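Source file: final33.cif; contents: mmCIF, C-alpha atoms and all ligand atoms.
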data_query
loop_
_atom_site.label_atom_id
_atom_site.label_comp_id
_atom_site.auth_asym_id
_atom_site.auth_seq_id
_atom_site.Cartn_x
_atom_site.Cartn_y
_atom_site.Cartn_z
CA MET Q 1 57.83 7.08 -6.29
CA LEU Q 2 57.18 4.49 -3.57
CA LEU Q 3 57.48 1.00 -5.08
CA ASP Q 4 57.19 -2.43 -3.51
CA LYS Q 5 59.60 -5.34 -4.00
CA LEU Q 6 57.91 -6.21 -7.32
CA LYS Q 7 58.14 -2.56 -8.53
CA ARG Q 8 54.43 -1.89 -8.03
CA PRO Q 9 53.43 1.63 -6.95
CA ILE Q 10 50.85 2.33 -4.25
CA ARG Q 11 47.86 3.93 -5.97
CA ASP Q 12 44.71 2.57 -4.47
CA LEU Q 13 43.35 2.36 -0.90
CA ARG Q 14 40.26 0.46 0.27
CA ILE Q 15 38.94 1.60 3.60
CA SER Q 16 36.66 -0.68 5.58
CA VAL Q 17 34.44 1.47 7.79
CA THR Q 18 32.72 -1.40 9.59
CA ASP Q 19 32.81 -5.20 9.81
CA ARG Q 20 29.01 -5.32 10.23
CA CYS Q 21 26.49 -6.13 7.53
CA ASN Q 22 22.75 -6.73 7.23
CA PHE Q 23 23.31 -9.51 4.62
CA ARG Q 24 24.82 -12.96 5.08
CA CYS Q 25 26.15 -13.79 1.60
CA GLY Q 26 27.48 -17.35 1.74
CA TYR Q 27 30.80 -16.45 0.09
CA CYS Q 28 31.52 -13.65 2.55
CA MET Q 29 29.64 -13.97 5.88
CA PRO Q 30 27.99 -17.41 5.84
CA LYS Q 31 25.12 -17.30 8.32
CA ASP Q 32 26.13 -20.47 10.17
CA LYS Q 33 29.44 -18.77 11.05
CA TYR Q 34 28.13 -15.22 11.56
CA GLY Q 35 25.23 -15.97 13.87
CA ARG Q 36 23.73 -14.00 16.76
CA ASP Q 37 26.71 -14.70 18.98
CA HIS Q 38 29.32 -13.45 16.49
CA GLN Q 39 31.56 -10.84 18.14
CA PHE Q 40 31.70 -7.81 15.87
CA LEU Q 41 34.17 -5.02 16.56
CA LYS Q 42 33.11 -2.70 19.34
CA ARG Q 43 32.38 0.91 18.53
CA LYS Q 44 35.33 2.26 20.55
CA GLU Q 45 37.71 -0.05 18.68
CA LEU Q 46 36.84 1.50 15.31
CA LEU Q 47 38.96 4.30 13.91
CA THR Q 48 37.15 7.61 14.26
CA PHE Q 49 36.52 9.65 11.11
CA GLU Q 50 39.32 12.01 12.16
CA GLU Q 51 41.70 9.06 12.41
CA ILE Q 52 40.63 7.60 9.06
CA GLU Q 53 41.19 11.01 7.46
CA GLN Q 54 44.64 11.29 9.05
CA VAL Q 55 45.72 7.87 7.74
CA ALA Q 56 44.20 8.55 4.31
CA ARG Q 57 46.16 11.82 4.01
CA VAL Q 58 49.40 9.97 4.64
CA PHE Q 59 48.52 7.32 2.03
CA VAL Q 60 47.82 10.10 -0.49
CA GLU Q 61 51.17 11.72 0.31
CA LEU Q 62 52.77 8.37 -0.47
CA GLY Q 63 51.06 8.01 -3.87
CA VAL Q 64 47.44 6.89 -3.41
CA VAL Q 65 45.08 8.62 -5.87
CA LYS Q 66 41.96 6.48 -5.46
CA ILE Q 67 40.05 5.63 -2.29
CA ARG Q 68 37.09 3.25 -2.05
CA LEU Q 69 34.90 2.98 1.04
CA THR Q 70 33.69 -0.51 1.81
CA GLY Q 71 33.13 -2.98 4.62
CA GLY Q 72 31.07 -5.00 5.79
CA GLU Q 73 28.26 -2.79 4.60
CA PRO Q 74 29.55 0.80 4.62
CA LEU Q 75 26.08 2.36 4.69
CA VAL Q 76 25.42 0.91 8.15
CA ARG Q 77 28.14 3.17 9.61
CA LYS Q 78 26.43 6.21 11.05
CA ASP Q 79 26.99 9.57 9.37
CA LEU Q 80 29.24 8.17 6.64
CA GLU Q 81 28.68 11.38 4.67
CA SER Q 82 30.78 13.37 7.13
CA LEU Q 83 33.74 11.01 6.52
CA ILE Q 84 33.22 11.42 2.77
CA GLN Q 85 33.30 15.22 3.11
CA ARG Q 86 36.58 15.00 5.01
CA LEU Q 87 38.20 12.65 2.49
CA LYS Q 88 37.01 14.70 -0.45
CA GLN Q 89 39.13 17.61 0.73
CA ILE Q 90 42.43 15.72 0.61
CA ASP Q 91 44.72 17.36 -1.94
CA GLY Q 92 45.89 14.91 -4.57
CA LEU Q 93 43.00 12.47 -4.20
CA GLN Q 94 41.47 11.95 -7.66
CA ASP Q 95 38.70 9.43 -7.07
CA LEU Q 96 36.44 8.60 -4.12
CA SER Q 97 34.10 5.66 -4.55
CA LEU Q 98 31.87 3.34 -2.55
CA THR Q 99 30.90 -0.34 -2.71
CA THR Q 100 27.50 -1.25 -1.25
CA ASN Q 101 24.82 -3.92 -1.27
CA ALA Q 102 22.37 -1.01 -1.92
CA SER Q 103 19.86 -2.19 0.67
CA LEU Q 104 20.02 1.24 2.36
CA LEU Q 105 20.39 3.25 -0.85
CA SER Q 106 17.21 5.32 -0.91
CA ALA Q 107 16.92 8.17 -3.42
CA LYS Q 108 17.72 10.62 -0.60
CA ARG Q 109 20.76 8.65 0.57
CA ALA Q 110 22.11 8.37 -2.99
CA THR Q 111 21.87 12.14 -3.31
CA THR Q 112 23.53 12.87 0.04
CA LEU Q 113 26.38 10.50 -0.82
CA ARG Q 114 26.83 12.20 -4.19
CA GLU Q 115 26.72 15.65 -2.65
CA ALA Q 116 29.18 14.68 0.07
CA GLY Q 117 31.70 13.69 -2.62
CA ILE Q 118 31.35 10.08 -3.79
CA ASN Q 119 31.94 10.13 -7.55
CA ARG Q 120 31.55 6.45 -8.45
CA ILE Q 121 29.46 3.72 -6.88
CA ASN Q 122 29.58 -0.09 -7.16
CA ILE Q 123 26.52 -2.12 -6.24
CA SER Q 124 26.67 -5.85 -5.58
CA LEU Q 125 23.86 -7.96 -7.04
CA ASP Q 126 24.22 -11.68 -7.70
CA ALA Q 127 20.84 -12.62 -9.25
CA LEU Q 128 17.63 -11.09 -10.53
CA ASP Q 129 15.06 -13.63 -9.48
CA ALA Q 130 13.74 -13.22 -5.96
CA LYS Q 131 14.29 -16.82 -4.88
CA THR Q 132 17.94 -17.11 -5.94
CA PHE Q 133 18.80 -13.64 -4.68
CA GLY Q 134 17.10 -14.28 -1.33
CA GLN Q 135 19.13 -17.47 -0.90
CA LEU Q 136 22.40 -15.88 -1.96
CA ASN Q 137 22.12 -12.91 0.41
CA GLY Q 138 21.32 -15.29 3.27
CA VAL Q 139 18.53 -13.17 4.77
CA GLY Q 140 15.83 -13.38 2.07
CA TYR Q 141 16.36 -9.73 1.16
CA PRO Q 142 14.05 -8.69 -1.72
CA VAL Q 143 15.74 -8.15 -5.06
CA GLU Q 144 13.36 -5.29 -6.01
CA ASP Q 145 14.77 -3.20 -3.18
CA VAL Q 146 18.32 -3.58 -4.53
CA LEU Q 147 17.08 -2.78 -8.04
CA SER Q 148 15.48 0.40 -6.63
CA GLY Q 149 18.88 1.18 -5.09
CA VAL Q 150 20.53 0.80 -8.51
CA LYS Q 151 17.90 3.10 -10.02
CA ASN Q 152 18.42 5.67 -7.25
CA ALA Q 153 22.17 5.57 -7.89
CA CYS Q 154 21.61 6.09 -11.63
CA GLN Q 155 19.43 9.13 -10.94
CA ALA Q 156 21.74 10.71 -8.36
CA GLY Q 157 24.31 11.84 -10.94
CA PHE Q 158 27.36 9.71 -10.05
CA ASP Q 159 30.04 9.68 -12.75
CA GLN Q 160 29.64 5.92 -12.99
CA VAL Q 161 27.46 3.15 -11.58
CA LYS Q 162 28.71 -0.42 -11.72
CA VAL Q 163 26.85 -3.56 -10.77
CA ASN Q 164 29.03 -6.45 -9.61
CA MET Q 165 27.89 -10.06 -9.79
CA VAL Q 166 29.98 -12.81 -8.15
CA VAL Q 167 29.39 -16.00 -10.12
CA GLN Q 168 29.39 -19.29 -8.21
CA ALA Q 169 29.24 -22.52 -10.22
CA GLY Q 170 25.97 -24.37 -9.71
CA ARG Q 171 24.41 -21.46 -7.81
CA ASN Q 172 23.86 -18.48 -10.07
CA GLU Q 173 25.45 -18.93 -13.49
CA SER Q 174 21.90 -19.18 -14.90
CA SER Q 175 21.48 -15.52 -13.85
CA ILE Q 176 24.31 -14.27 -16.12
CA LEU Q 177 22.20 -13.77 -19.25
CA PRO Q 178 19.13 -12.35 -17.44
CA MET Q 179 21.37 -9.84 -15.63
CA LEU Q 180 23.01 -8.80 -18.89
CA GLU Q 181 19.65 -8.40 -20.61
CA TYR Q 182 18.10 -6.49 -17.73
CA PHE Q 183 20.84 -3.86 -17.76
CA ILE Q 184 20.94 -3.24 -21.53
CA GLY Q 185 20.49 0.50 -22.10
CA LYS Q 186 20.40 1.32 -18.37
CA ASP Q 187 23.74 3.17 -18.25
CA VAL Q 188 25.27 0.73 -15.84
CA VAL Q 189 28.51 -1.26 -16.34
CA LEU Q 190 27.92 -4.86 -15.31
CA ARG Q 191 30.89 -6.86 -14.07
CA PHE Q 192 31.06 -10.61 -13.58
CA ILE Q 193 33.52 -11.64 -10.87
CA GLU Q 194 35.03 -15.05 -10.27
CA TYR Q 195 34.32 -16.43 -6.82
CA MET Q 196 37.52 -16.15 -4.77
CA ASP Q 197 38.98 -18.06 -1.83
CA VAL Q 198 39.04 -15.01 0.44
CA GLY Q 199 39.08 -15.89 4.15
CA ASN Q 200 38.37 -19.36 5.49
CA THR Q 201 34.71 -19.29 6.51
CA ASN Q 202 33.25 -19.79 3.02
CA ASP Q 203 34.84 -23.24 2.53
CA TRP Q 204 35.76 -22.30 -1.05
CA GLN Q 205 36.55 -25.11 -3.46
CA ASN Q 206 38.11 -24.76 -6.89
CA GLU Q 207 35.03 -26.44 -8.45
CA ASP Q 208 32.83 -23.60 -7.13
CA VAL Q 209 34.48 -21.14 -9.53
CA PHE Q 210 32.60 -20.40 -12.75
CA LYS Q 211 35.59 -19.23 -14.74
CA ALA Q 212 35.95 -16.08 -16.83
CA GLN Q 213 36.22 -18.15 -20.00
CA GLN Q 214 32.97 -19.97 -19.16
CA ILE Q 215 31.22 -16.64 -18.52
CA LYS Q 216 32.39 -15.29 -21.86
CA SER Q 217 31.42 -18.46 -23.76
CA LEU Q 218 27.97 -18.49 -22.17
CA ILE Q 219 27.35 -14.87 -23.23
CA GLU Q 220 28.58 -15.64 -26.75
CA THR Q 221 25.96 -18.38 -27.14
CA ARG Q 222 23.42 -15.57 -27.33
CA TYR Q 223 25.23 -12.35 -28.29
CA PRO Q 224 28.16 -11.35 -30.48
CA ILE Q 225 30.58 -9.37 -28.32
CA GLU Q 226 33.47 -6.96 -28.99
CA ALA Q 227 36.54 -6.33 -26.84
CA LEU Q 228 37.04 -2.79 -25.52
CA ASP Q 229 40.40 -1.26 -24.59
CA ALA Q 230 41.29 -0.99 -20.92
CA ASN Q 231 40.42 2.40 -19.40
CA TYR Q 232 43.83 2.56 -17.72
CA ARG Q 233 46.90 0.42 -17.14
CA GLY Q 234 46.27 -2.24 -14.53
CA GLU Q 235 42.45 -2.25 -14.85
CA VAL Q 236 41.36 -5.53 -13.27
CA ALA Q 237 38.29 -6.15 -15.44
CA ARG Q 238 38.65 -7.24 -19.05
CA ARG Q 239 36.13 -4.99 -20.87
CA TRP Q 240 33.58 -6.07 -23.50
CA LYS Q 241 30.43 -4.78 -25.15
CA LEU Q 242 27.45 -6.46 -26.76
CA SER Q 243 27.79 -5.71 -30.47
CA GLY Q 244 25.30 -3.09 -31.62
CA LEU Q 245 23.70 -2.74 -28.18
CA PRO Q 246 24.23 -0.15 -25.43
CA MET Q 247 25.73 -2.56 -22.94
CA GLU Q 248 29.27 -2.68 -21.59
CA PHE Q 249 30.35 -5.46 -19.29
CA GLY Q 250 33.55 -6.64 -17.66
CA ILE Q 251 34.87 -9.97 -16.48
CA ILE Q 252 37.23 -10.18 -13.51
CA SER Q 253 39.30 -13.34 -13.64
CA SER Q 254 40.95 -13.14 -10.23
CA VAL Q 255 41.32 -16.91 -10.00
CA SER Q 256 41.78 -18.17 -13.57
CA GLU Q 257 44.04 -15.32 -14.77
CA PRO Q 258 45.46 -13.48 -11.76
CA PHE Q 259 46.69 -9.91 -12.08
CA CYS Q 260 49.04 -9.55 -9.11
CA GLY Q 261 51.70 -7.98 -11.35
CA GLU Q 262 49.58 -4.80 -11.55
CA CYS Q 263 48.24 -4.79 -7.99
CA SER Q 264 48.72 -1.38 -6.44
CA ARG Q 265 46.14 -1.73 -3.66
CA ALA Q 266 46.37 -1.47 0.10
CA ARG Q 267 43.53 -2.07 2.53
CA LEU Q 268 42.78 -0.42 5.86
CA SER Q 269 40.59 -2.38 8.29
CA ALA Q 270 37.97 -0.67 10.43
CA ILE Q 271 40.31 -0.77 13.43
CA GLY Q 272 43.31 0.60 11.57
CA GLU Q 273 45.35 -2.36 10.38
CA VAL Q 274 46.92 -2.17 6.94
CA TYR Q 275 46.84 -5.23 4.69
CA THR Q 276 48.88 -5.32 1.49
CA CYS Q 277 47.01 -8.32 0.01
CA LEU Q 278 43.40 -9.51 0.12
CA PHE Q 279 44.64 -12.96 1.09
CA ALA Q 280 46.95 -11.92 3.90
CA GLY Q 281 46.85 -13.61 7.27
CA SER Q 282 47.46 -10.49 9.31
CA GLY Q 283 47.84 -6.75 8.99
CA VAL Q 284 50.06 -4.06 10.47
CA ASP Q 285 48.41 -2.08 13.25
CA LEU Q 286 48.44 1.70 12.74
CA ARG Q 287 45.88 2.55 15.41
CA GLY Q 288 48.47 2.30 18.16
CA LEU Q 289 50.73 4.74 16.29
CA LEU Q 290 47.83 7.07 15.56
CA ARG Q 291 46.77 7.20 19.18
CA ALA Q 292 50.31 7.52 20.53
CA SER Q 293 51.21 10.82 18.86
CA ASP Q 294 49.70 13.77 17.00
CA SER Q 295 52.51 13.72 14.48
CA ASP Q 296 52.22 11.92 11.12
CA VAL Q 297 55.93 11.10 10.94
CA SER Q 298 55.83 7.60 12.39
CA LEU Q 299 52.66 6.83 10.43
CA PHE Q 300 54.35 7.94 7.22
CA GLU Q 301 57.48 5.89 7.93
CA SER Q 302 55.51 2.83 8.92
CA ILE Q 303 53.37 2.77 5.74
CA GLN Q 304 56.39 3.57 3.59
CA HIS Q 305 58.28 0.66 5.11
CA LEU Q 306 55.51 -1.88 4.84
CA TRP Q 307 54.91 -1.03 1.18
CA SER Q 308 58.60 -1.11 0.35
CA VAL Q 309 58.94 -4.70 1.68
CA ARG Q 310 55.69 -5.92 0.06
CA ALA Q 311 56.09 -8.97 -2.18
CA ASP Q 312 52.49 -10.33 -2.13
CA ARG Q 313 51.19 -12.26 -5.13
CA TYR Q 314 48.89 -14.82 -3.57
CA SER Q 315 46.67 -15.38 -6.62
CA GLU Q 316 49.62 -16.20 -8.83
CA LEU Q 317 50.80 -18.76 -6.27
CA ARG Q 318 47.33 -20.04 -5.33
CA SER Q 319 47.79 -23.62 -6.54
CA HIS Q 320 50.86 -23.98 -4.31
CA GLN Q 321 49.11 -22.72 -1.16
CA SER Q 322 47.93 -24.96 1.63
CA PRO Q 323 44.13 -24.91 2.12
CA ALA Q 324 44.82 -24.68 5.86
CA ARG Q 325 46.47 -21.26 5.47
CA GLN Q 326 44.73 -18.69 7.71
CA LYS Q 327 43.44 -15.67 5.77
CA VAL Q 328 41.60 -12.58 6.89
CA GLU Q 329 37.86 -12.45 6.11
CA MET Q 330 36.57 -10.17 3.33
CA SER Q 331 33.92 -8.55 5.53
CA TYR Q 332 36.66 -7.54 7.96
CA ILE Q 333 39.35 -6.33 5.59
CA GLY Q 334 37.02 -4.60 3.14
CA GLY Q 335 36.05 -6.00 -0.26
N1 LIG Q 401 28.74 -4.99 1.57
C1 LIG Q 401 29.20 -4.32 0.42
C2 LIG Q 401 28.85 -5.09 -0.83
O1 LIG Q 401 28.49 -6.26 -0.74
O2 LIG Q 401 28.92 -4.49 -1.89
C3 LIG Q 401 30.69 -4.02 0.42
C4 LIG Q 401 31.61 -5.06 0.99
S1 LIG Q 401 31.66 -6.61 0.09
C5 LIG Q 401 32.81 -7.53 1.04
C6 LIG Q 401 32.55 -6.10 -1.37
C7 LIG Q 401 32.47 -7.00 -2.56
O3 LIG Q 401 33.16 -8.20 -2.28
C8 LIG Q 401 31.06 -7.41 -2.98
O4 LIG Q 401 30.86 -7.07 -4.33
C9 LIG Q 401 31.06 -8.90 -2.82
O5 LIG Q 401 30.25 -9.52 -3.76
C10 LIG Q 401 32.52 -9.23 -2.98
N2 LIG Q 401 32.91 -10.50 -2.39
C11 LIG Q 401 32.77 -10.90 -1.11
N3 LIG Q 401 33.26 -12.15 -0.94
C12 LIG Q 401 33.72 -12.55 -2.16
C13 LIG Q 401 34.36 -13.74 -2.63
N4 LIG Q 401 34.60 -14.76 -1.84
N5 LIG Q 401 34.72 -13.80 -3.94
C14 LIG Q 401 34.48 -12.73 -4.76
N6 LIG Q 401 33.90 -11.58 -4.35
C15 LIG Q 401 33.52 -11.50 -3.08
FE1 LIG Q 402 27.60 -8.11 3.42
FE2 LIG Q 402 28.80 -7.35 1.20
FE3 LIG Q 402 29.69 -9.48 2.54
FE4 LIG Q 402 27.37 -9.66 1.29
S1 LIG Q 402 29.37 -9.32 0.32
S2 LIG Q 402 27.79 -10.33 3.40
S3 LIG Q 402 26.60 -7.61 1.48
S4 LIG Q 402 29.71 -7.41 3.26
FE1 LIG Q 403 46.80 -8.04 -5.16
FE2 LIG Q 403 47.04 -10.03 -3.41
FE3 LIG Q 403 45.01 -10.02 -5.16
FE4 LIG Q 403 47.50 -10.49 -6.02
S1 LIG Q 403 46.32 -11.76 -4.65
S2 LIG Q 403 45.98 -9.11 -6.97
S3 LIG Q 403 48.68 -9.14 -4.64
S4 LIG Q 403 45.35 -8.52 -3.50
#

Spit out the file's structure as structure tokens when you get a sec.
Amino acid sequence: MLLDKLKRPIRDLRISVTDRCNFRCGYCMPKDKYGRDHQFLKRKELLTFEEIEQVARVFVELGVVKIRLTGGEPLVRKDLESLIQRLKQIDGLQDLSLTTNASLLSAKRATTLREAGINRINISLDALDAKTFGQLNGVGYPVEDVLSGVKNACQAGFDQVKVNMVVQAGRNESSILPMLEYFIGKDVVLRFIEYMDVGNTNDWQNEDVFKAQQIKSLIETRYPIEALDANYRGEVARRWKLSGLPMEFGIISSVSEPFCGECSRARLSAIGEVYTCLFAGSGVDLRGLLRASDSDVSLFESIQHLWSVRADRYSELRSHQSPARQKVEMSYIGG
């Protein structure tokens, strides 16, 4: 089995299919830094679907069993379903999922994604009231449209629908209880995520983090809760349920209780660079290799090498890092 320097296997691959998005969430693509003149990747720079499939096959040969499509906003990439159909056919791949802001998730689109082969879907939603949500997404996007997207996902027959809420202190912690209450009995797993210092454009400060313990305590002021066992070793969310109610939720404590020791995730950017940590400064370019030869041998050796020398554990070392450190942006590397 391929292990990195800290004995972690490679199990999980996030593929960013585009760096573009129709939202401007302040923690990811703040609108003052992603304005009209922002240079997004050009179409010809992006990996083609054939190339993404070729790289994904090699990752699966090396041990990856789960792939998640993300971005930017993955649903803005044209004909995403044909990529999904290609990936679905890879022998050894056990799970193919998608993360989306759901703005383009009509009932028809949810069904075509399901039929193409997505088995689980994560939808990002940071507040329920129109004003807060409109401010958080940076473009005044209506919350009802995202809630329709969640409903469409629930009706399309995915194995699981999760709703992810990033909690920022002083901005949306008052939405935690309304979100929890809204999703009771709706067959959705809600996950609260600590705001992370990904990239440099969001000007993250430690005080902006509403910590996992604060989220839990706030929920306990209104509801008794019970711990649930992890679904599998290395699950990043700590799982809970509201006692006596049909509502499971998770809390992801990426900042206050990092989980680097179990991190088995690689990321592939839309132009074919591999990143072995969300907080890396640069990636390793595979596109050159892909375009230089039809053979997978050099691709295989390159990924094998970069995983075998991996020693990343940024979150565990966060307090010792310089704030000036250059890190890749989440919208580019794939969240
Ligand atoms: N556009 C899609 C979406 O929003 O679901 C997929 C890409 S987005 C980068 C993936 C996830 O990263 C979203 O759930 C988003 O909330 C999360 N995210 C982005 N920046 C973050 C940050 N600084 N801290 C924590 N989560 C963040
Ligand atoms: Fe777009 Fe997702 Fe980033 Fe928000 S979090 S700006 S929806 S890529
Ligand atoms: Fe994995 Fe890097 Fe996050 Fe640690 S900081 S959990 S190594 S992505």

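Nearest to ligand LIG 401 (chain Q) of all the residues Q:Phe210, Q:Phe59, Q:Tyr27, Q:Phe133 is Q:Tyr27, counting all atoms listed in the file.
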
*Closest to Leu80 (chain Q) among Q:Gly117, Q:Gly92, Q:Gly63, Q:Gly244, using all atoms listed in the file?*
Q:Gly117

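When CA of Val139 (chain Q) is paired with atom O3 of ligand LIG 401 (chain Q), their separation reads 17.0 Å.
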
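With all atoms listed in the file as the atoms that count, the minimum distance from Lys66 (chain Q) to the choices Q:Asn122, Q:Ser264, Q:Gln213, Q:Ser253 is reached by Q:Ser264.
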
*Write out as a PyMOL selection string each polymer residue whose atoms come within 6 Å of region 8-21 of chain Q, counting only C-alpha atoms; drop sequence neighbours fewer than 2 positions from it.*
chain Q and resi 2-4+6+23+63-74+264-270+331-332+334

Enclose ligand LIG 403 (chain Q), meaning all of its atoms listed in the file, in a box aligned along x, y and z, pad it by 3 Å on each side, and list the centre and edge lengths in Å to one decimal, as AutoDock Vina command-line options.
--center_x 46.8 --center_y -9.9 --center_z -5.2 --size_x 9.7 --size_y 9.7 --size_z 9.6

_If I take CA of Val189 (chain Q) and CA of Gln205 (chain Q), how far is one from the other in Å, to one decimal?_
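Pair CA of Val189 (chain Q) / CA of Gln205 (chain Q) returns 28.3 Å.
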
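The space between atom N5 of ligand LIG 401 (chain Q) and CA of Ser254 (chain Q) spans 8.9 Å.
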
*Give the answer as one residue: which of Q:Gly250, Q:Gly283, Q:Pro323, Q:Gly199 has the shortest atom-to-atom distance to Leu180 (chain Q), using all atoms listed in the file?*
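With all atoms listed in the file as the atom set, the closest residue is Q:Gly250.
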
Residue contacts of Phe158 (chain Q) (8 Å, all atoms listed in the file) excluding same-chain residues fewer than 6 positions away, as a short mmCIF file (atom, residue, chain, number, x, y, z; two decimals) with C-alpha atoms, keeping the file's coordinate frame:
data_model
loop_
_atom_site.label_atom_id
_atom_site.label_comp_id
_atom_site.auth_asym_id
_atom_site.auth_seq_id
_atom_site.Cartn_x
_atom_site.Cartn_y
_atom_site.Cartn_z
CA ARG Q 114 26.83 12.20 -4.19
CA ILE Q 118 31.35 10.08 -3.79
CA ASN Q 119 31.94 10.13 -7.55
CA ARG Q 120 31.55 6.45 -8.45
CA ILE Q 121 29.46 3.72 -6.88
#

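With distances taken over all atoms listed in the file, Q:Asn200 is the one residue among Q:Leu245, Q:Glu235, Q:Tyr182, Q:Asn200 lying closest to Ser322 (chain Q).
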
*Using all atoms listed in the file, which residues sit within 10 Å of region 222-232 of chain Q once same-chain residues fewer than 2 positions away are excluded, as an MDAnalysis selection string?*
chainID Q and resid 177 216:220 234:245 247:250

Write the residues you've just listed into a file as a PDB file, in the frame of the given file, and include C-alpha atoms for each of them.
ATOM      1  CA  LEU Q 177      22.200 -13.770 -19.250  1.00  0.00           C
ATOM      2  CA  LYS Q 216      32.390 -15.290 -21.860  1.00  0.00           C
ATOM      3  CA  SER Q 217      31.420 -18.460 -23.760  1.00  0.00           C
ATOM      4  CA  LEU Q 218      27.970 -18.490 -22.170  1.00  0.00           C
ATOM      5  CA  ILE Q 219      27.350 -14.870 -23.230  1.00  0.00           C
ATOM      6  CA  GLU Q 220      28.580 -15.640 -26.750  1.00  0.00           C
ATOM      7  CA  GLY Q 234      46.270  -2.240 -14.530  1.00  0.00           C
ATOM      8  CA  GLU Q 235      42.450  -2.250 -14.850  1.00  0.00           C
ATOM      9  CA  VAL Q 236      41.360  -5.530 -13.270  1.00  0.00           C
ATOM     10  CA  ALA Q 237      38.290  -6.150 -15.440  1.00  0.00           C
ATOM     11  CA  ARG Q 238      38.650  -7.240 -19.050  1.00  0.00           C
ATOM     12  CA  ARG Q 239      36.130  -4.990 -20.870  1.00  0.00           C
ATOM     13  CA  TRP Q 240      33.580  -6.070 -23.500  1.00  0.00           C
ATOM     14  CA  LYS Q 241      30.430  -4.780 -25.150  1.00  0.00           C
ATOM     15  CA  LEU Q 242      27.450  -6.460 -26.760  1.00  0.00           C
ATOM     16  CA  SER Q 243      27.790  -5.710 -30.470  1.00  0.00           C
ATOM     17  CA  GLY Q 244      25.300  -3.090 -31.620  1.00  0.00           C
ATOM     18  CA  LEU Q 245      23.700  -2.740 -28.180  1.00  0.00           C
ATOM     19  CA  MET Q 247      25.730  -2.560 -22.940  1.00  0.00           C
ATOM     20  CA  GLU Q 248      29.270  -2.680 -21.590  1.00  0.00           C
ATOM     21  CA  PHE Q 249      30.350  -5.460 -19.290  1.00  0.00           C
ATOM     22  CA  GLY Q 250      33.550  -6.640 -17.660  1.00  0.00           C
TER      23      GLY Q 250
END

_With all atoms listed in the file as the counted atoms, please give the residues lying no more than 8 Å from Val146 (chain Q), apart from itself and same-chain residues fewer than 3 positions off, as a list in words._
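The residues that qualify are Asn101, Ala102, Ser103, Leu125, Pro142, Val143, Gly149 and Val150 of chain Q.
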
*Which of these, Q:Thr201, Q:Thr276, Q:Gln39, Q:Gly170, has the shortest distance to ligand LIG 402 (chain Q) once you count only C-alpha atoms and all ligand atoms?*
Q:Thr201

*Place a sphere of radius 12 Å on (15.8, 1.2, 2.7) in the file coordinates and name every protein, DNA or RNA residue with an atom inside or on its surface, counting all atoms listed in the file; give the answer as a list in words.*
Asn22, Leu75, Val76, Asn101, Ala102, Ser103, Leu104, Leu105, Ser106, Ala107, Lys108, Arg109, Ala110, Tyr141, Pro142, Glu144, Asp145, Val146, Leu147, Ser148, Gly149 and Asn152 of chain Q

_Val328 (chain Q) environment, 9 Å, only C-alpha atoms, sequence neighbours closer than 5 positions dropped, as a PyMOL selection string_ = chain Q and resi 198-200+278-283+333

For the selection you just gave me, I'd like the residues written to a file as an mmCIF file, keeping the file's coordinate frame, keeping C-alpha atoms.
data_model
loop_
_atom_site.group_PDB
_atom_site.id
_atom_site.type_symbol
_atom_site.label_atom_id
_atom_site.label_comp_id
_atom_site.auth_asym_id
_atom_site.auth_seq_id
_atom_site.Cartn_x
_atom_site.Cartn_y
_atom_site.Cartn_z
ATOM 1 C CA VAL Q 198 39.040 -15.010 0.440
ATOM 2 C CA GLY Q 199 39.080 -15.890 4.150
ATOM 3 C CA ASN Q 200 38.370 -19.360 5.490
ATOM 4 C CA LEU Q 278 43.400 -9.510 0.120
ATOM 5 C CA PHE Q 279 44.640 -12.960 1.090
ATOM 6 C CA ALA Q 280 46.950 -11.920 3.900
ATOM 7 C CA GLY Q 281 46.850 -13.610 7.270
ATOM 8 C CA SER Q 282 47.460 -10.490 9.310
ATOM 9 C CA GLY Q 283 47.840 -6.750 8.990
ATOM 10 C CA ILE Q 333 39.350 -6.330 5.590
#

Per residue of chain Q within 7 Å of ligand LIG 403 (chain Q), what are the shortest atom pair and its distance in Å to one decimal, counting only C-alpha atoms and all ligand atoms, with rows by chain and residue number, as a Markdown table?
| residue | atom | partner | partner_atom | distance |
| --- | --- | --- | --- | --- |
| Q:Pro258 | CA | Q:LIG403 | S2 | 6.5 |
| Q:Phe259 | CA | Q:LIG403 | S2 | 5.2 |
| Q:Cys260 | CA | Q:LIG403 | FE4 | 3.6 |
| Q:Cys263 | CA | Q:LIG403 | FE1 | 4.5 |
| Q:Arg265 | CA | Q:LIG403 | FE1 | 6.5 |
| Q:Thr276 | CA | Q:LIG403 | S4 | 6.9 |
| Q:Cys277 | CA | Q:LIG403 | FE2 | 3.8 |
| Q:Leu278 | CA | Q:LIG403 | S4 | 4.2 |
| Q:Phe279 | CA | Q:LIG403 | FE2 | 5.9 |
| Q:Asp312 | CA | Q:LIG403 | S3 | 4.7 |
| Q:Arg313 | CA | Q:LIG403 | S3 | 4.0 |
| Q:Tyr314 | CA | Q:LIG403 | S1 | 4.1 |
| Q:Ser315 | CA | Q:LIG403 | S1 | 4.1 |
| Q:Glu316 | CA | Q:LIG403 | FE4 | 6.7 |
